[in-house]
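Listing of structure_8.pdb, PDB, C-alpha atoms
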```pdb
ATOM      1  CA  MET A   1      -1.614  15.046 -34.437
ATOM      2  CA  SER A   2      -0.456  18.290 -32.850
ATOM      3  CA  ASN A   3       2.793  19.801 -34.063
ATOM      4  CA  LYS A   4       2.976  22.041 -30.987
ATOM      5  CA  PRO A   5       5.161  20.427 -28.300
ATOM      6  CA  ASN A   6       4.166  20.887 -24.704
ATOM      7  CA  PHE A   7       6.271  23.091 -22.451
ATOM      8  CA  PHE A   8       8.205  20.275 -20.771
ATOM      9  CA  SER A   9       9.049  18.550 -24.052
ATOM     10  CA  HIS A  10      10.327  21.808 -25.491
ATOM     11  CA  PHE A  11      12.249  22.539 -22.287
ATOM     12  CA  ALA A  12      13.742  19.012 -22.215
ATOM     13  CA  ALA A  13      14.811  19.200 -25.857
ATOM     14  CA  THR A  14      16.475  22.574 -25.291
ATOM     15  CA  VAL A  15      18.272  21.434 -22.132
ATOM     16  CA  ALA A  16      19.410  18.204 -23.810
ATOM     17  CA  GLU A  17      20.710  20.210 -26.763
ATOM     18  CA  LEU A  18      22.581  22.675 -24.563
ATOM     19  CA  SER A  19      23.943  20.059 -22.155
ATOM     20  CA  GLY A  20      25.614  18.179 -25.002
ATOM     21  CA  ARG A  21      27.659  21.137 -26.224
ATOM     22  CA  PRO A  22      31.383  21.492 -25.523
ATOM     23  CA  PHE A  23      30.826  24.952 -24.029
ATOM     24  CA  THR A  24      28.579  23.447 -21.350
ATOM     25  CA  PHE A  25      31.277  20.950 -20.395
ATOM     26  CA  VAL A  26      33.897  23.714 -20.227
ATOM     27  CA  ALA A  27      31.575  25.853 -18.084
ATOM     28  CA  ALA A  28      30.936  22.954 -15.687
ATOM     29  CA  LEU A  29      34.653  22.197 -15.507
ATOM     30  CA  ALA A  30      35.383  25.882 -14.803
ATOM     31  CA  LEU A  31      32.834  25.899 -11.963
ATOM     32  CA  VAL A  32      34.361  22.783 -10.414
ATOM     33  CA  LEU A  33      37.855  24.248 -10.710
ATOM     34  CA  ALA A  34      36.661  27.527  -9.148
ATOM     35  CA  TRP A  35      35.113  25.534  -6.309
ATOM     36  CA  ALA A  36      38.360  23.562  -5.827
ATOM     37  CA  VAL A  37      40.511  26.690  -5.863
ATOM     38  CA  SER A  38      38.220  28.339  -3.292
ATOM     39  CA  GLY A  39      38.880  25.501  -0.830
ATOM     40  CA  PRO A  40      41.752  27.163   1.035
ATOM     41  CA  PHE A  41      39.735  30.372   1.446
ATOM     42  CA  PHE A  42      36.979  28.425   3.188
ATOM     43  CA  GLY A  43      39.331  26.162   5.104
ATOM     44  CA  TYR A  44      38.025  23.112   3.266
ATOM     45  CA  SER A  45      35.039  23.285   5.603
ATOM     46  CA  GLU A  46      32.101  20.913   5.574
ATOM     47  CA  THR A  47      29.932  23.705   4.197
ATOM     48  CA  TRP A  48      32.397  24.189   1.333
ATOM     49  CA  GLN A  49      32.160  20.464   0.527
ATOM     50  CA  LEU A  50      28.401  20.475   0.961
ATOM     51  CA  VAL A  51      28.042  23.180  -1.710
ATOM     52  CA  ILE A  52      29.522  21.029  -4.491
ATOM     53  CA  ASN A  53      27.862  17.829  -3.276
ATOM     54  CA  THR A  54      24.405  19.373  -3.074
ATOM     55  CA  THR A  55      24.746  21.280  -6.343
ATOM     56  CA  THR A  56      25.901  18.265  -8.361
ATOM     57  CA  THR A  57      23.312  15.993  -6.776
ATOM     58  CA  ILE A  58      20.436  18.341  -7.598
ATOM     59  CA  ILE A  59      21.644  18.936 -11.159
ATOM     60  CA  THR A  60      22.133  15.198 -11.744
ATOM     61  CA  PHE A  61      18.714  14.348 -10.300
ATOM     62  CA  LEU A  62      16.925  16.875 -12.512
ATOM     63  CA  MET A  63      18.937  16.004 -15.616
ATOM     64  CA  VAL A  64      17.869  12.359 -15.357
ATOM     65  CA  PHE A  65      14.255  13.330 -15.981
ATOM     66  CA  VAL A  66      15.012  15.891 -18.653
ATOM     67  CA  LEU A  67      17.299  13.578 -20.623
ATOM     68  CA  GLN A  68      14.974  10.600 -20.202
ATOM     69  CA  ASN A  69      12.157  12.649 -21.712
ATOM     70  CA  SER A  70      14.348  13.472 -24.703
ATOM     71  CA  GLN A  71      15.435   9.839 -25.058
ATOM     72  CA  ASN A  72      11.846   8.598 -24.902
ATOM     73  CA  ARG A  73      10.752  11.068 -27.553
ATOM     74  CA  ASP A  74      13.720  10.227 -29.799
ATOM     75  CA  GLY A  75      13.065   6.502 -29.361
ATOM     76  CA  LYS A  76       9.399   6.876 -30.270
ATOM     77  CA  ALA A  77      10.282   8.963 -33.340
ATOM     78  CA  LEU A  78      12.836   6.389 -34.460
ATOM     79  CA  GLN A  79      10.361   3.566 -33.926
ATOM     80  CA  ALA A  80       7.726   5.423 -35.963
ATOM     81  CA  LYS A  81      10.222   5.876 -38.790
ATOM     82  CA  LEU A  82      11.117   2.182 -38.719
ATOM     83  CA  ASP A  83       7.442   1.211 -38.692
ATOM     84  CA  GLU A  84       6.859   3.431 -41.717
ATOM     85  CA  LEU A  85       9.761   1.803 -43.567
ATOM     86  CA  ILE A  86       8.432  -1.650 -42.748
ATOM     87  CA  LEU A  87       4.925  -0.770 -43.875
ATOM     88  CA  THR A  88       6.107   0.733 -47.176
ATOM     89  CA  SER A  89       8.596  -1.996 -48.029
ATOM     90  CA  GLN A  90       8.523  -5.704 -48.741
ATOM     91  CA  ALA A  91       9.348  -6.455 -45.109
ATOM     92  CA  ALA A  92       6.922  -8.515 -43.061
ATOM     93  CA  ASN A  93       4.417  -6.303 -41.267
ATOM     94  CA  LYS A  94       4.686  -8.568 -38.222
ATOM     95  CA  PHE A  95       7.682  -6.452 -37.170
ATOM     96  CA  VAL A  96       5.601  -3.321 -36.651
ATOM     97  CA  GLY A  97       5.212  -2.775 -32.921
ATOM     98  CA  ILE A  98       7.529  -5.589 -31.789
ATOM     99  CA  GLU A  99       9.051  -3.249 -29.187
ATOM    100  CA  LYS A 100       5.921  -3.976 -27.129
ATOM    101  CA  LEU A 101       6.514  -7.755 -27.042
ATOM    102  CA  GLU A 102       7.618  -9.580 -23.920
ATOM    103  CA  GLU A 103      11.335 -10.275 -23.458
ATOM    104  CA  GLY A 104      10.962 -13.997 -24.237
ATOM    105  CA  GLU A 105       9.041 -13.291 -27.437
ATOM    106  CA  LEU A 106      11.721 -10.843 -28.552
ATOM    107  CA  ARG A 107      14.469 -13.392 -27.861
ATOM    108  CA  GLU A 108      12.607 -16.049 -29.858
ATOM    109  CA  MET A 109      12.045 -13.672 -32.774
ATOM    110  CA  SER A 110      15.709 -12.642 -32.684
ATOM    111  CA  LYS A 111      16.800 -16.297 -32.684
ATOM    112  CA  THR A 112      14.536 -17.041 -35.668
ATOM    113  CA  LEU A 113      15.895 -14.043 -37.568
ATOM    114  CA  ALA A 114      19.485 -15.076 -36.830
ATOM    115  CA  GLU A 115      18.761 -18.566 -38.207
ATOM    116  CA  GLN A 116      17.190 -17.057 -41.332
ATOM    117  CA  ALA A 117      20.209 -14.778 -41.762
ATOM    118  CA  GLU A 118      22.538 -17.805 -41.590
ATOM    119  CA  CYS A 119      20.503 -19.540 -44.318
ATOM    120  CA  VAL A 120      20.662 -16.442 -46.510
ATOM    121  CA  GLU A 121      24.406 -16.167 -45.892
ATOM    122  CA  GLU A 122      24.924 -19.832 -46.809
ATOM    123  CA  LYS A 123      22.941 -19.374 -50.040
ATOM    124  CA  ALA A 124      24.951 -16.263 -50.875
ATOM    125  CA  ASP A 125      28.190 -18.147 -50.255
ATOM    126  CA  GLU A 126      26.984 -20.998 -52.504
ATOM    127  CA  LYS A 127      26.088 -18.557 -55.295
ATOM    128  CA  SER A 128      29.410 -16.788 -54.907
ATOM    129  CA  ALA A 129      31.283 -20.099 -55.042
ATOM    130  CA  ALA A 130      29.294 -21.197 -58.108
ATOM    131  CA  ALA A 131      29.972 -17.874 -59.832
ATOM    132  CA  SER A 132      33.689 -18.163 -59.052
ATOM    133  CA  ALA A 133      33.821 -21.752 -60.348
ATOM    134  CA  SER A 134      32.113 -20.866 -63.641
ATOM    135  CA  ALA A 135      34.359 -17.853 -64.242
TER     136      ALA A 135
END
```
Turn the structure described in the file into C-alpha coordinates.
Amino acid sequence: MSNKPNFFSHFAATVAELSGRPFTFVAALALVLAWAVSGPFFGYSETWQLVINTTTTIITFLMVFVLQNSQNRDGKALQAKLDELILTSQAANKFVGIEKLEEGELREMSKTLAEQAECVEEKADEKSAAASASA
(Lines of atoms letter the chains of each structure in order from A and count residues from 1; the text may use other names and numbers.)
(Lines give C-alpha, C1' and ligand atoms only; values in the text may rest on other atoms or scores of the structure.)
Protein backbone atom coordinates (compact mmCIF):
# COMPACT_ATOMS: atom_id res chain seq x y z
CA MET A 1 0.00 0.00 0.00
CA SER A 2 1.44 3.34 -1.05
CA ASN A 3 1.40 6.17 1.46
CA LYS A 4 2.04 8.72 -1.30
CA PRO A 5 -1.26 10.23 -2.50
CA ASN A 6 -1.60 11.03 -6.16
CA PHE A 7 -1.69 14.66 -7.27
CA PHE A 8 -5.47 14.91 -7.64
CA SER A 9 -6.16 13.34 -4.24
CA HIS A 10 -3.74 15.74 -2.59
CA PHE A 11 -5.22 18.66 -4.53
CA ALA A 12 -8.80 17.61 -3.65
CA ALA A 13 -7.97 17.24 0.04
CA THR A 14 -6.33 20.67 0.12
CA VAL A 15 -9.22 22.36 -1.72
CA ALA A 16 -11.79 20.63 0.51
CA GLU A 17 -9.87 21.76 3.59
CA LEU A 18 -9.61 25.36 2.39
CA SER A 19 -13.19 25.57 1.10
CA GLY A 20 -14.57 24.65 4.52
CA ARG A 21 -12.85 27.49 6.37
CA PRO A 22 -14.70 30.62 7.51
CA PHE A 23 -12.18 32.83 5.70
CA THR A 24 -13.14 31.23 2.38
CA PHE A 25 -16.81 31.97 3.00
CA VAL A 26 -16.01 35.59 3.92
CA ALA A 27 -13.86 35.96 0.79
CA ALA A 28 -16.64 34.57 -1.42
CA LEU A 29 -19.19 36.83 0.24
CA ALA A 30 -16.88 39.83 -0.27
CA LEU A 31 -16.53 38.99 -3.98
CA VAL A 32 -20.29 38.73 -4.40
CA LEU A 33 -20.81 42.02 -2.57
CA ALA A 34 -18.14 43.69 -4.72
CA TRP A 35 -19.88 42.35 -7.82
CA ALA A 36 -23.26 43.64 -6.56
CA VAL A 37 -21.87 47.07 -5.71
CA SER A 38 -20.26 47.32 -9.17
CA GLY A 39 -23.68 46.91 -10.82
CA PRO A 40 -24.45 50.62 -11.19
CA PHE A 41 -21.02 51.27 -12.73
CA PHE A 42 -21.75 48.71 -15.44
CA GLY A 43 -25.38 49.68 -15.85
CA TYR A 44 -26.51 46.26 -14.66
CA SER A 45 -25.65 45.03 -18.14
CA GLU A 46 -26.02 41.48 -19.36
CA THR A 47 -22.24 41.14 -19.38
CA TRP A 48 -22.14 42.22 -15.72
CA GLN A 49 -24.70 39.51 -14.88
CA LEU A 50 -22.93 36.97 -17.05
CA VAL A 51 -19.70 37.44 -15.07
CA ILE A 52 -21.22 36.24 -11.78
CA ASN A 53 -23.32 33.52 -13.42
CA THR A 54 -20.40 32.05 -15.35
CA THR A 55 -17.96 32.33 -12.45
CA THR A 56 -20.26 30.63 -9.93
CA THR A 57 -21.27 27.94 -12.41
CA ILE A 58 -17.67 27.03 -13.21
CA ILE A 59 -16.61 27.03 -9.56
CA THR A 60 -19.63 24.91 -8.56
CA PHE A 61 -19.05 22.44 -11.40
CA LEU A 62 -15.39 21.93 -10.49
CA MET A 63 -16.05 21.78 -6.75
CA VAL A 64 -18.48 18.89 -7.24
CA PHE A 65 -15.66 16.67 -8.49
CA VAL A 66 -13.12 17.85 -5.95
CA LEU A 67 -15.45 17.41 -2.98
CA GLN A 68 -16.77 14.08 -4.26
CA ASN A 69 -13.20 12.79 -4.42
CA SER A 70 -12.66 13.83 -0.81
CA GLN A 71 -15.97 12.28 0.26
CA ASN A 72 -15.18 9.01 -1.50
CA ARG A 73 -11.77 8.81 0.13
CA ASP A 74 -13.19 9.65 3.57
CA GLY A 75 -15.95 7.07 3.13
CA LYS A 76 -13.48 4.36 2.15
CA ALA A 77 -11.24 5.20 5.12
CA LEU A 78 -14.20 5.09 7.49
CA GLN A 79 -15.36 1.78 6.03
CA ALA A 80 -11.86 0.32 6.43
CA LYS A 81 -11.82 1.41 10.07
CA LEU A 82 -15.22 -0.16 10.68
CA ASP A 83 -14.13 -3.38 8.97
CA GLU A 84 -11.05 -3.49 11.20
CA LEU A 85 -13.20 -3.03 14.31
CA ILE A 86 -15.53 -5.80 13.19
CA LEU A 87 -12.67 -8.17 12.44
CA THR A 88 -10.97 -7.54 15.80
CA SER A 89 -14.11 -7.71 17.92
CA GLN A 90 -16.77 -10.26 18.75
CA ALA A 91 -19.01 -8.87 16.01
CA ALA A 92 -20.09 -11.16 13.20
CA ASN A 93 -17.67 -10.99 10.28
CA LYS A 94 -20.63 -11.13 7.89
CA PHE A 95 -20.83 -7.33 8.26
CA VAL A 96 -17.47 -6.74 6.60
CA GLY A 97 -18.10 -5.41 3.11
CA ILE A 98 -21.89 -5.07 3.42
CA GLU A 99 -21.69 -1.66 1.71
CA LYS A 100 -21.36 -3.64 -1.54
CA LEU A 101 -24.69 -5.48 -1.08
CA GLU A 102 -27.75 -4.72 -3.17
CA GLU A 103 -30.35 -2.32 -1.76
CA GLY A 104 -32.84 -5.12 -1.00
CA GLU A 105 -30.22 -7.16 0.84
CA LEU A 106 -29.27 -4.14 2.93
CA ARG A 107 -32.93 -3.48 3.80
CA GLU A 108 -33.41 -7.12 4.84
CA MET A 109 -30.25 -7.08 6.97
CA SER A 110 -31.34 -3.80 8.57
CA LYS A 111 -34.79 -5.24 9.34
CA THR A 112 -33.21 -8.34 10.92
CA LEU A 113 -30.89 -6.20 13.03
CA ALA A 114 -33.79 -4.00 14.17
CA GLU A 115 -35.72 -7.11 15.26
CA GLN A 116 -32.67 -8.39 17.15
CA ALA A 117 -32.26 -5.00 18.82
CA GLU A 118 -35.90 -5.11 19.98
CA CYS A 119 -35.31 -8.56 21.51
CA VAL A 120 -32.20 -7.31 23.30
CA GLU A 121 -34.10 -4.25 24.53
CA GLU A 122 -36.96 -6.42 25.82
CA LYS A 123 -34.49 -8.68 27.68
CA ALA A 124 -32.77 -5.64 29.16
CA ASP A 125 -36.12 -4.25 30.29
CA GLU A 126 -37.01 -7.61 31.88
CA LYS A 127 -33.68 -7.73 33.73
CA SER A 128 -34.10 -4.15 34.86
CA ALA A 129 -37.63 -4.86 36.09
CA ALA A 130 -36.45 -8.01 37.90
CA ALA A 131 -33.58 -6.10 39.52
CA SER A 132 -35.97 -3.34 40.62
CA ALA A 133 -38.44 -5.87 42.06
CA SER A 134 -35.76 -7.69 44.07
CA ALA A 135 -34.31 -4.46 45.47
query: Restricting the calculation to only C-alpha atoms, which member of A:Ala77, A:Leu106, A:Ala117, A:Leu67 is positioned closest to Ala16 in chain A?
result: A:Leu67
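The protein and nucleic acid residues lying at most 10 Å from range 60-65 of chain A are Ala12, Val15, Ala16, Ser19, Thr54 and Gln71 of chain A, with all atoms listed in the file considered and sequence neighbours fewer than 6 positions away removed.
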message: Could you tell me how far CA of Glu84 in chain A sits from CA of Ala114 in chain A, in Å to one decimal place?
response: 22.9 Å
Range 116-135 of chain A, all listed atoms, 8 Å padding on each side: what axis-aligned box centre and edge lengths in Å to one decimal come out, as AutoDock Vina command-line options?
```
--center_x 25.8 --center_y -18.3 --center_z -52.8 --size_x 33.2 --size_y 23.0 --size_z 38.9
```
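Counting from CA of Asp83 in chain A, the distance to CA of Met109 in chain A is 16.7 Å.
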message: For the provided coordinates, the residues matched by the PyMOL selection byres ((chain A and resi 82) around 12) should be stated as a ChimeraX atom specification.
response: /A:75-81,83-89,91,93,95-99
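In this model, the gap between CA of Val37 in chain A and CA of Ile52 in chain A comes to 12.4 Å.
Minimum atom-to-atom distances from A:Val66, A:Ala27, A:Lys111, A:Ser38 to Phe7 in chain A were compared using all atoms listed in the file, and the lowest value belongs to A:Val66.
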